[in-house]
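**Q** So that we are looking at the same thing, I have put the structure below in structure tokens.
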Amino acid sequence: MTKRFLCVWSTEQSTTQAKICDSPTDALRRRHGRAGALFPALQSGPEASLSGTSIVAFLVPRSSTELLATLVNDLGSTIAESTYLTYGHACTVLILPDQDRWLEVHGAIEPLLRGFEVWSVDADNEGSVTKLDLKRPDDGIDEASPPDISAHDLRYEGAAQVRQFNANLAVLARSVRHYAPQMWPLITNIRKRVDEIAAQLRLLETKDDDLSARQAVTLQSVLIETNAVVTLFCSQLGSGTLPLGSGRFPVGEYSLFGIGAALNAAWQIYHHLSRVFAQHDQASVLVKYLPTMDPFGWSGPTSTTADYSAWTGISRRLQSCDPEAETEPRLHVPYFSSRWGFHESLHSISLSWQCISASASKEWNLLTLTHEFLHSRVRAMVAQLFNPETDPALATTLVRQYNARADGESALESLRLAYVEALLVARRLTKSAKANAAGDGFDAEVPATITPEYLIDTYRTGTELVQEVIVHVLDYRYIFASRPEDYIDSIWSSWALVPNVVDRIEHYLLRTMCTLSIDVRGDSHFERFETIRSNLIETFTQMNTRPIRRPAIVAALDVLTSEEAYFRLALDFCALIPAAQIAQNFFVARAVNVAVLKDESATTDGDRTTYEIEPGQYLGLRPESPIGFLLDRFPEYADRAGEPGMEYLGLWQMLQLG
Amino acid sequence: MAQDPGTIDARRFTTVGFLHPHLGADKQAIRKALGPKLGAVKERQIKLPGWRLYQAEYLRSSSMYPTHRVDVSSRTRQGGRIAHDIFIASTVHEHLGPATWIASPYIQLLDEIHGDVLRSITTPAVQYVGMNMPTFYASLAAGLAGVAAKRVILRIVAEPNVELVSLTGKMPLHSEIHDSLSKSTLPYGVGVQVEAEGQRCRVTTNRTGMTHWFQSAPETIVCPLTLLSRLDAAGVLRSERLYPLTLEARTADEAMSE
């Protein structure tokens with residue numbers, strides 16, 4: 001299937017011309033040139049073309065999956081073959097021979113449309129465009145827009161950012177009302193968060209001390225970053241609104257239709273996760289119930305036969321505890337970024353720009369979004385459980401208990417101590433890796449006694465690796481449904497494209513191996529290590545046969561098969577097992593696991609859950625679990641971006657989510 | 001001695017429901033939809049309001065009958081084609097509109113009929129009758145006249161090594177184990193005992209709409225049709241674009257039947 005582009009430009013006489021081309025660049029060089037990709041809705045459908053006078057209808061659906069199901073299934077093969085897909089809010093385009101046909105189709109699909117625009121294009125007259133009809137999408141939100149946040153009593157920097165935010169939010173709210181009402185919770189949520197920041201800033205600016213001044217600067221930088229993200233999101237969400245070509249979205253092949261459908265797919269995935277986690281606040285379960293349970297033994301990370309049965313016993317009891325819902329969950333702005341790739345911050349989550357066109361490849365699949373989401377959740381959960389930086393009394397107590405190897409007074413204290421030990425090990429591993437890379441020696445022992453200052457410093461330096469392991473375990477359980485093959489394939493396909501992975505290859509291997517350890521049986525950690533190592537060698541050897549060799553896979557194989565690295569890797573693996581066990585026993589909640597994947601529209605073939613839908617089919621049913629749907633698609637993803645048909649599959653699957 | 005398959009057909013029948021305004025309107029419409037492979041069509045009396053029932057012969061060049069039990073000579077028609085009895089029941093479901101249920105002991109034969117229907121009917125596209133299983137379970141738990149759940153089939157969510165679990169017994173829906181399983185499962189299928197018009201029969205159906213029962217006598221068919229009427233009234237039936245007898249649905253069904 002060849003990607004074709006609808007190319008549109010203005011003439012010197014200010015008329016509009018349009019053509020369908022194999023490349024958009026000629027049109028983009030012209031005055032007001034815009035272009036957008038068109039894919040046939042049917043996998044074997046004819047490529048888009050214009051001949052004679054064509055009626056081109058751009059459709060903004062209420063639900064892309066329902067509209068496409070009707071067009072492709074219910075109105076005959078001619079209409080099915082006249083239907084095309086785009087990445088924008090007008091994600092469906094009909095190319096019809098005459099207006100009568102359009103009116104007939106319109107009668108059948110009118111309730112399914114939010115808006116539409118109709119052109120007549122005369123291919124025999126240099127593609128001259130006559131605009132025939134336009135229905136802008138109605139306001140899909142009943143409630144009034146939130147009022148402006150007050151900039152009163154803020155100093156210049158903060159006030160300027162607040163005023164800018166008010167303006168940005170007004171623009172964003174308009175796009176959301178008409179084109180993406182499902183994103184309205186984001187509007188009210190982010191306004192609330194910025195209002196809270198403004199209130200904190202107002203208070204800090206009344207104080208004279210250095211700490212308050214530093215905190216005020218931090219909050220100002222948060223506002224700046226929030227505005228940057230909201231501005232970018234305004235631009236992306238506002239792209240491709242009707243009438244087409246009226247706005248500016250100067251991004252090459254997305255300049256005509258924009259990327260509204262891609263943003264909607266990202267939002268569906270993100271919002272599903274956000275709702276599930278909001279309904280089950282695992283940190284509050286731990287804080288509420290662990291203090292009522294007896295302490296457990298937490299020490300011994302270097303023991304190769306450590307017994308975690310006490311942890312497992314507590315974990316089982318926790319699974320039957322009633323979850324609590326978060327009162328006001330934070331929402332993030334999900335957007336596409338070519339600069340940041342996959343990244344998360346306080347108010348945003350970015351996906352790599354490549355995901356728009358390559359989401360049906362293992363390298364750029366949309367499930368990677370979940371990893372960033374889980375980072376924000378894990379960070380928040382850990383902060384609720386344990387933060388020696390902000391709680392000096394807790395730091396002192398933990399140090400005393402750690403130095404005495406005491407179990408603590410309750411299971412919550414034991415968990416905190418286990419986390420302290422995991423942090424100390426992670427700190428040692430992190431520093432050892434840096435020293436090895438620099439060719440320096442390093443004392444690899446975990447200290448037997450520590451001070452509160454050492455603990456706080458360790459919290460800063462060791463927390464990244466421990467939280468990475470926890471996030472990976474949650475990713476493996478919740479997103480990849482404990483399927484090791486898909487988990488390894490997904491993360492290593494995406495890591496294979498990140499340059500600095502090779503420089504820290506052992507760290508990445510450790511994360512993977514520790515994650516897999518939670519499901520591998522063995523009498524000792526070494527036995528588990530050897531099992532996982534063998535499986536990874538087999539998997540990476542197979543991945544290494546793909547057409548484009550990836551240095552990260554080669555480097556991983558070198559380490560796994562190296563005698564010199566073997567014992568170092570094995571010892572580091574054993575040392576990090578407790579972090580994986582903390583994740584598995586305390587952070588993983590079966591109820592969350594179920595809620596992430598639960599979907600009545602899915603079925604089973606007896607061996608695995610499936611959605612029973614083939615590419616190019618439109619069943620009119622939006623999956624309840626976007627995660628489950630994408631996971632079902634994953635084994636069929638192309639090994640790398642650019643393989644034939646991959647872009648169509650990616651767009652097709654995005655439109656199933658809308 | 002080999003038995004005449006036309007007189008017994010005591011075996012497991014499978015049915016699927018087709019949704020289309022014209023398919024089952026009358027004998028002529030049925031003949032048009034199923035094409036030249038449809039042989040004799042006889043209307044059968046059934047004491048079930050809102051239904052019309054036909055017994056028809058579907059003609060194939062080869063036999064689907066088990067050769068060690070059946071002498072097909074009595075089923076051979078003009079041109080050497082072999083007649084296989086099928087049942088066709090037409091009704092109008094309250095929320096879904098006109099529906100035609102076609103039943104046969106042979107799933108492969110239903111697939112062939114499905115192909116015939118798709119070739120002869122294009123617009124609107126044929127849809128199929130599926131089951132809203134959560135609503136079905138809720139209706140059973142609340143009490144559905146003449147219908148008793150004897151088996152519930154649950155799909156386990158987020159468990160990598162287990163997909164389906166089946167609970168059978170007098171009242172599996174009202175059991176503690178079902179209560180505890182329901183937190184991490186989704187209703188997938190159900191086997192119910194249906195009593196109607198002096199007949200009693202166990203009918204099994206799943207979320208795709210694939211429905212089967214053991215037909216000990218031709219009159220037994222009133223049981224699955226009665227069930228469908230009760231489900232229609234309870235709002236359990238829904239339209240699906242996916243043909244119920246996909247390979248995946250059959251594989252899952254076979255897994256539970258083993």
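Residue numbers start at 1 in each chain; chains themselves are named A, B, ... in the order of the structure tokens; ligands are numbered from 1 in the order shown.
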Would you kindly return, as a list in words, each protein, DNA or RNA residue with an atom no farther than 9 Å from any atom of Ala90 of chain A, considering only C-alpha atoms and excluding same-chain residues fewer than 3 positions away?
**A**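 So, after excluding close chain neighbours, the residues are Phe58, Leu59, Val60, Pro61, Leu85, Thr86, Tyr87, Val93, Gly115, Phe116, Glu117, Gly240, Thr241, Leu242, Leu244, Phe257, Gly258, Gly260 and Ala261 of chain A.
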**Q** Residues as selected, N, CA, C and O atoms, written as a short mmCIF file (atom, residue, chain, number, x, y, z; two decimals), in the first residue's frame, can you do that?
**A**
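Produced file result_19.cif, reproduced below:
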```cif
data_model
loop_
_atom_site.label_atom_id
_atom_site.label_comp_id
_atom_site.auth_asym_id
_atom_site.auth_seq_id
_atom_site.Cartn_x
_atom_site.Cartn_y
_atom_site.Cartn_z
N PHE A 58 -14.60 15.69 4.03
CA PHE A 58 -13.72 15.50 5.18
C PHE A 58 -14.62 15.36 6.41
O PHE A 58 -15.37 16.27 6.74
N LEU A 59 -14.52 14.22 7.08
CA LEU A 59 -15.47 13.90 8.14
C LEU A 59 -14.80 13.89 9.51
O LEU A 59 -13.80 13.22 9.71
N VAL A 60 -15.39 14.65 10.44
CA VAL A 60 -14.94 14.63 11.84
C VAL A 60 -15.97 13.79 12.60
O VAL A 60 -17.10 14.23 12.81
N PRO A 61 -15.62 12.58 13.00
CA PRO A 61 -16.63 11.69 13.60
C PRO A 61 -16.78 11.90 15.10
O PRO A 61 -15.89 12.44 15.76
N LEU A 85 -8.34 7.17 5.23
CA LEU A 85 -8.00 7.50 6.61
C LEU A 85 -6.93 8.59 6.64
O LEU A 85 -6.04 8.61 5.78
N THR A 86 -7.04 9.46 7.68
CA THR A 86 -5.98 10.46 7.89
C THR A 86 -5.62 10.49 9.36
O THR A 86 -6.31 9.90 10.19
N TYR A 87 -4.59 11.23 9.71
CA TYR A 87 -4.14 11.34 11.09
C TYR A 87 -4.86 12.46 11.86
O TYR A 87 -4.62 12.65 13.04
N VAL A 93 -11.99 10.49 5.12
CA VAL A 93 -12.21 11.28 3.90
C VAL A 93 -12.91 10.39 2.88
O VAL A 93 -12.52 9.23 2.70
N GLY A 115 -18.68 16.94 12.72
CA GLY A 115 -18.57 18.03 11.75
C GLY A 115 -18.10 17.48 10.42
O GLY A 115 -17.70 16.31 10.32
N PHE A 116 -18.17 18.31 9.39
CA PHE A 116 -17.66 17.88 8.10
C PHE A 116 -17.41 19.09 7.20
O PHE A 116 -17.89 20.20 7.46
N GLU A 117 -16.67 18.84 6.14
CA GLU A 117 -16.42 19.89 5.13
C GLU A 117 -16.43 19.18 3.78
O GLU A 117 -15.93 18.06 3.68
N GLY A 240 -5.52 21.01 11.96
CA GLY A 240 -6.50 20.28 11.15
C GLY A 240 -7.94 20.56 11.51
O GLY A 240 -8.82 19.75 11.22
N THR A 241 -8.21 21.70 12.15
CA THR A 241 -9.61 22.04 12.44
C THR A 241 -10.26 22.60 11.18
O THR A 241 -9.58 23.00 10.24
N LEU A 242 -11.59 22.60 11.19
CA LEU A 242 -12.32 23.05 10.00
C LEU A 242 -12.54 24.57 10.05
O LEU A 242 -12.81 25.10 11.13
N LEU A 244 -10.49 23.30 6.73
CA LEU A 244 -9.12 22.81 6.59
C LEU A 244 -8.27 23.88 5.91
O LEU A 244 -8.68 24.52 4.94
N PHE A 257 -4.08 17.98 7.52
CA PHE A 257 -5.05 17.32 8.42
C PHE A 257 -4.67 17.43 9.89
O PHE A 257 -5.51 17.21 10.75
N GLY A 258 -3.41 17.74 10.17
CA GLY A 258 -2.98 17.78 11.58
C GLY A 258 -2.82 16.38 12.15
O GLY A 258 -2.76 15.39 11.40
N GLY A 260 -4.77 15.26 15.03
CA GLY A 260 -5.81 15.10 16.05
C GLY A 260 -6.13 13.66 16.39
O GLY A 260 -6.35 13.32 17.56
N ALA A 261 -6.17 12.78 15.40
CA ALA A 261 -6.52 11.38 15.67
C ALA A 261 -5.41 10.70 16.47
O ALA A 261 -5.68 9.88 17.35
#
```
**Q** Please identify all polymer residues within 7 Å of segment 614-627 of chain A, counting only C-alpha atoms, omitting same-chain residues fewer than 3 positions from it, and present them as a compact mmCIF listing (two decimals) with C-alpha atoms, in the first residue's frame.
**A**
```
# COMPACT_ATOMS: atom_id res chain seq x y z
CA ALA A 41 -9.66 2.36 4.80
CA LEU A 42 -9.61 -1.16 3.37
CA GLN A 43 -6.25 -2.84 3.52
CA THR A 65 -14.49 3.31 14.94
CA GLU A 66 -18.27 3.60 14.60
CA LEU A 68 -15.66 3.63 9.76
CA ALA A 69 -17.66 0.49 10.61
CA GLN A 268 -7.33 7.18 25.29
CA ILE A 269 -4.35 5.11 26.41
CA ILE A 479 0.96 -3.63 30.55
CA VAL A 596 -5.95 -2.24 33.25
CA LEU A 597 -6.73 -5.20 31.00
CA LYS A 598 -10.38 -5.92 31.69
CA ASP A 599 -12.41 -5.59 28.52
CA SER A 601 -15.27 -6.68 24.08
CA LEU A 630 -2.44 -2.82 21.71
CA LEU A 631 -0.97 -5.81 23.52
CA LEU A 649 -1.55 -0.61 10.45
CA GLN A 656 -9.91 1.76 16.60
CA LEU A 657 -9.32 3.64 19.84
CA GLY A 658 -11.36 6.70 18.86
CA ARG B 241 -20.18 -7.35 13.26
CA LEU B 242 -18.01 -10.38 13.81
```
**Q** Against chain A, which residues of chain B fall within 7 Å? For each one I want the closest pair of atoms and the distance in Å (one decimal), counting only C-alpha atoms, rows by chain and increasing residue number, as JSON lines.
**A**
```
{"residue": "B:Thr122", "atom": "CA", "partner": "A:Gly76", "partner_atom": "CA", "distance": 6.3}
{"residue": "B:Thr123", "atom": "CA", "partner": "A:Gly76", "partner_atom": "CA", "distance": 5.6}
{"residue": "B:Pro124", "atom": "CA", "partner": "A:Asp74", "partner_atom": "CA", "distance": 4.6}
{"residue": "B:Ala125", "atom": "CA", "partner": "A:Asp74", "partner_atom": "CA", "distance": 4.7}
{"residue": "B:Val157", "atom": "CA", "partner": "A:Val594", "partner_atom": "CA", "distance": 5.7}
{"residue": "B:Ala158", "atom": "CA", "partner": "A:Val594", "partner_atom": "CA", "distance": 5.4}
{"residue": "B:Pro160", "atom": "CA", "partner": "A:Ser482", "partner_atom": "CA", "distance": 6.1}
{"residue": "B:Glu163", "atom": "CA", "partner": "A:Gly606", "partner_atom": "CA", "distance": 6.0}
{"residue": "B:Leu164", "atom": "CA", "partner": "A:Gly606", "partner_atom": "CA", "distance": 6.7}
{"residue": "B:Ser184", "atom": "CA", "partner": "A:Val594", "partner_atom": "CA", "distance": 5.9}
{"residue": "B:Leu186", "atom": "CA", "partner": "A:Glu600", "partner_atom": "CA", "distance": 6.8}
{"residue": "B:Arg241", "atom": "CA", "partner": "A:Leu619", "partner_atom": "CA", "distance": 5.4}
{"residue": "B:Leu242", "atom": "CA", "partner": "A:Leu619", "partner_atom": "CA", "distance": 7.0}
{"residue": "B:Glu248", "atom": "CA", "partner": "A:Asp605", "partner_atom": "CA", "distance": 4.4}
{"residue": "B:Ala249", "atom": "CA", "partner": "A:Asp605", "partner_atom": "CA", "distance": 6.0}
{"residue": "B:Thr251", "atom": "CA", "partner": "A:Asp605", "partner_atom": "CA", "distance": 5.4}
{"residue": "B:Ala252", "atom": "CA", "partner": "A:Gly606", "partner_atom": "CA", "distance": 4.2}
{"residue": "B:Ala255", "atom": "CA", "partner": "A:Gly606", "partner_atom": "CA", "distance": 6.0}
```
**Q** For the selection just defined, write its residues with N, CA, C and O atoms to a file, as a PDB file, in the first residue's frame.
**A**
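After the write, again.pdb holds the following:
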```pdb
ATOM      1  N   THR B 122     -25.497  -7.846   0.213  1.00  0.00           N
ATOM      2  CA  THR B 122     -24.386  -6.907   0.378  1.00  0.00           C
ATOM      3  C   THR B 122     -24.759  -5.718   1.236  1.00  0.00           C
ATOM      4  O   THR B 122     -24.044  -5.364   2.158  1.00  0.00           O
ATOM      5  N   THR B 123     -25.871  -5.086   0.942  1.00  0.00           N
ATOM      6  CA  THR B 123     -26.230  -3.937   1.776  1.00  0.00           C
ATOM      7  C   THR B 123     -27.645  -4.082   2.304  1.00  0.00           C
ATOM      8  O   THR B 123     -28.531  -4.483   1.565  1.00  0.00           O
ATOM      9  N   PRO B 124     -27.893  -3.670   3.535  1.00  0.00           N
ATOM     10  CA  PRO B 124     -26.845  -3.374   4.510  1.00  0.00           C
ATOM     11  C   PRO B 124     -26.055  -4.639   4.850  1.00  0.00           C
ATOM     12  O   PRO B 124     -26.521  -5.749   4.626  1.00  0.00           O
ATOM     13  N   ALA B 125     -24.881  -4.484   5.393  1.00  0.00           N
ATOM     14  CA  ALA B 125     -24.054  -5.636   5.714  1.00  0.00           C
ATOM     15  C   ALA B 125     -24.746  -6.487   6.758  1.00  0.00           C
ATOM     16  O   ALA B 125     -25.429  -5.975   7.647  1.00  0.00           O
ATOM     17  N   VAL B 157      -8.980 -12.597  33.772  1.00  0.00           N
ATOM     18  CA  VAL B 157      -8.291 -11.399  33.273  1.00  0.00           C
ATOM     19  C   VAL B 157      -6.933 -11.294  33.954  1.00  0.00           C
ATOM     20  O   VAL B 157      -6.807 -11.507  35.146  1.00  0.00           O
ATOM     21  N   ALA B 158      -5.926 -10.938  33.165  1.00  0.00           N
ATOM     22  CA  ALA B 158      -4.593 -10.625  33.688  1.00  0.00           C
ATOM     23  C   ALA B 158      -3.962 -11.801  34.431  1.00  0.00           C
ATOM     24  O   ALA B 158      -3.334 -11.624  35.472  1.00  0.00           O
ATOM     25  N   PRO B 160      -1.508 -14.828  33.193  1.00  0.00           N
ATOM     26  CA  PRO B 160      -0.889 -15.267  31.944  1.00  0.00           C
ATOM     27  C   PRO B 160      -1.084 -16.742  31.609  1.00  0.00           C
ATOM     28  O   PRO B 160      -1.027 -17.128  30.450  1.00  0.00           O
ATOM     29  N   GLU B 163      -6.852 -19.015  31.020  1.00  0.00           N
ATOM     30  CA  GLU B 163      -7.769 -18.175  30.264  1.00  0.00           C
ATOM     31  C   GLU B 163      -9.220 -18.342  30.700  1.00  0.00           C
ATOM     32  O   GLU B 163      -9.917 -17.391  30.935  1.00  0.00           O
ATOM     33  N   LEU B 164      -9.674 -19.614  30.744  1.00  0.00           N
ATOM     34  CA  LEU B 164     -11.079 -19.858  31.036  1.00  0.00           C
ATOM     35  C   LEU B 164     -11.199 -20.786  32.229  1.00  0.00           C
ATOM     36  O   LEU B 164     -10.381 -21.682  32.426  1.00  0.00           O
ATOM     37  N   SER B 184     -11.997 -10.849  39.303  1.00  0.00           N
ATOM     38  CA  SER B 184     -10.898 -10.860  38.344  1.00  0.00           C
ATOM     39  C   SER B 184     -11.246 -11.633  37.080  1.00  0.00           C
ATOM     40  O   SER B 184     -10.364 -12.108  36.382  1.00  0.00           O
ATOM     41  N   LEU B 186     -14.302 -12.106  33.691  1.00  0.00           N
ATOM     42  CA  LEU B 186     -15.426 -11.563  32.933  1.00  0.00           C
ATOM     43  C   LEU B 186     -16.300 -12.730  32.493  1.00  0.00           C
ATOM     44  O   LEU B 186     -15.776 -13.791  32.133  1.00  0.00           O
ATOM     45  N   ARG B 241     -20.600  -7.318  14.666  1.00  0.00           N
ATOM     46  CA  ARG B 241     -20.178  -7.348  13.264  1.00  0.00           C
ATOM     47  C   ARG B 241     -19.316  -8.568  12.963  1.00  0.00           C
ATOM     48  O   ARG B 241     -19.027  -8.842  11.801  1.00  0.00           O
ATOM     49  N   LEU B 242     -18.917  -9.255  14.011  1.00  0.00           N
ATOM     50  CA  LEU B 242     -18.012 -10.384  13.805  1.00  0.00           C
ATOM     51  C   LEU B 242     -18.825 -11.674  13.788  1.00  0.00           C
ATOM     52  O   LEU B 242     -19.614 -11.939  14.687  1.00  0.00           O
ATOM     53  N   GLU B 248     -11.233 -18.515  16.486  1.00  0.00           N
ATOM     54  CA  GLU B 248     -10.914 -18.293  17.895  1.00  0.00           C
ATOM     55  C   GLU B 248     -12.071 -18.703  18.789  1.00  0.00           C
ATOM     56  O   GLU B 248     -11.877 -19.332  19.822  1.00  0.00           O
ATOM     57  N   ALA B 249     -13.292 -18.340  18.378  1.00  0.00           N
ATOM     58  CA  ALA B 249     -14.449 -18.690  19.208  1.00  0.00           C
ATOM     59  C   ALA B 249     -14.599 -20.202  19.274  1.00  0.00           C
ATOM     60  O   ALA B 249     -14.885 -20.772  20.326  1.00  0.00           O
ATOM     61  N   THR B 251     -12.251 -22.455  18.894  1.00  0.00           N
ATOM     62  CA  THR B 251     -11.154 -23.039  19.665  1.00  0.00           C
ATOM     63  C   THR B 251     -11.440 -22.926  21.155  1.00  0.00           C
ATOM     64  O   THR B 251     -11.235 -23.879  21.912  1.00  0.00           O
ATOM     65  N   ALA B 252     -11.909 -21.760  21.564  1.00  0.00           N
ATOM     66  CA  ALA B 252     -12.220 -21.576  22.979  1.00  0.00           C
ATOM     67  C   ALA B 252     -13.352 -22.507  23.397  1.00  0.00           C
ATOM     68  O   ALA B 252     -13.323 -23.102  24.468  1.00  0.00           O
ATOM     69  N   ALA B 255     -12.118 -25.953  23.762  1.00  0.00           N
ATOM     70  CA  ALA B 255     -11.304 -26.086  24.968  1.00  0.00           C
ATOM     71  C   ALA B 255     -12.181 -26.350  26.179  1.00  0.00           C
ATOM     72  O   ALA B 255     -11.820 -27.111  27.073  1.00  0.00           O
TER      73      ALA B 255
END
```
**Q** Can you list, as a PyMOL selection string, every residue of segment 318-548 of chain A that DSSP puts in alpha helix (DSSP H)?
**A** chain A and resi 318-319+355-358+368-385+392-404+411-438+452-474+484-495+505-517+525-543
**Q** Can you pull out every residue within 7 Å of Tyr58 of chain B, counting only C-alpha atoms, but drop anything in the same chain fewer than 3 positions away, and send it as a list in words?
**A**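 After dropping sequence-adjacent residues, the list is Lys37, Leu38, Gly39, Ala83, His84, Asp85 and Ile86 of chain B.
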**Q** Neighbours of Gly17 of chain B within 9 Å (only C-alpha atoms; same-chain residues fewer than 5 positions away dropped), as a PDB file with C-alpha atoms, in the first residue's frame?
**A**
```pdb
ATOM      1  CA  ALA B  99     -33.153 -12.071  12.824  1.00  0.00           C
ATOM      2  CA  THR B 100     -32.642 -15.449  11.231  1.00  0.00           C
ATOM      3  CA  TRP B 101     -31.134 -18.278  13.227  1.00  0.00           C
ATOM      4  CA  ILE B 102     -29.643 -21.122  11.251  1.00  0.00           C
ATOM      5  CA  ALA B 103     -28.756 -24.399  12.945  1.00  0.00           C
ATOM      6  CA  GLN B 127     -24.576  -8.459  11.356  1.00  0.00           C
ATOM      7  CA  TYR B 128     -24.869 -11.203  13.913  1.00  0.00           C
ATOM      8  CA  VAL B 129     -26.480 -11.772  17.260  1.00  0.00           C
ATOM      9  CA  GLY B 130     -24.106 -11.758  20.191  1.00  0.00           C
ATOM     10  CA  GLY B 209     -23.514 -15.639  20.183  1.00  0.00           C
ATOM     11  CA  MET B 210     -22.409 -19.159  19.293  1.00  0.00           C
ATOM     12  CA  PRO B 244     -19.668 -15.867  15.814  1.00  0.00           C
TER      13      PRO B 244
END
```
**Q** Run DSSP on the backbone of this structure and report the residues of segment 133-171 of chain B it assigns to strand (DSSP E or B), as a PyMOL selection string.
**A** chain B and resi 144+147-156+164-168
**Q** For Ser221 of chain A, list every protein, DNA or RNA residue within 12 Å, evaluated using only C-alpha atoms, and leave out those in the same chain fewer than 3 positions away; present the list as a VMD selection string.
**A** chain A and resid 157 to 158 161 to 162 197 to 198 201 214 to 218 224 to 228 346
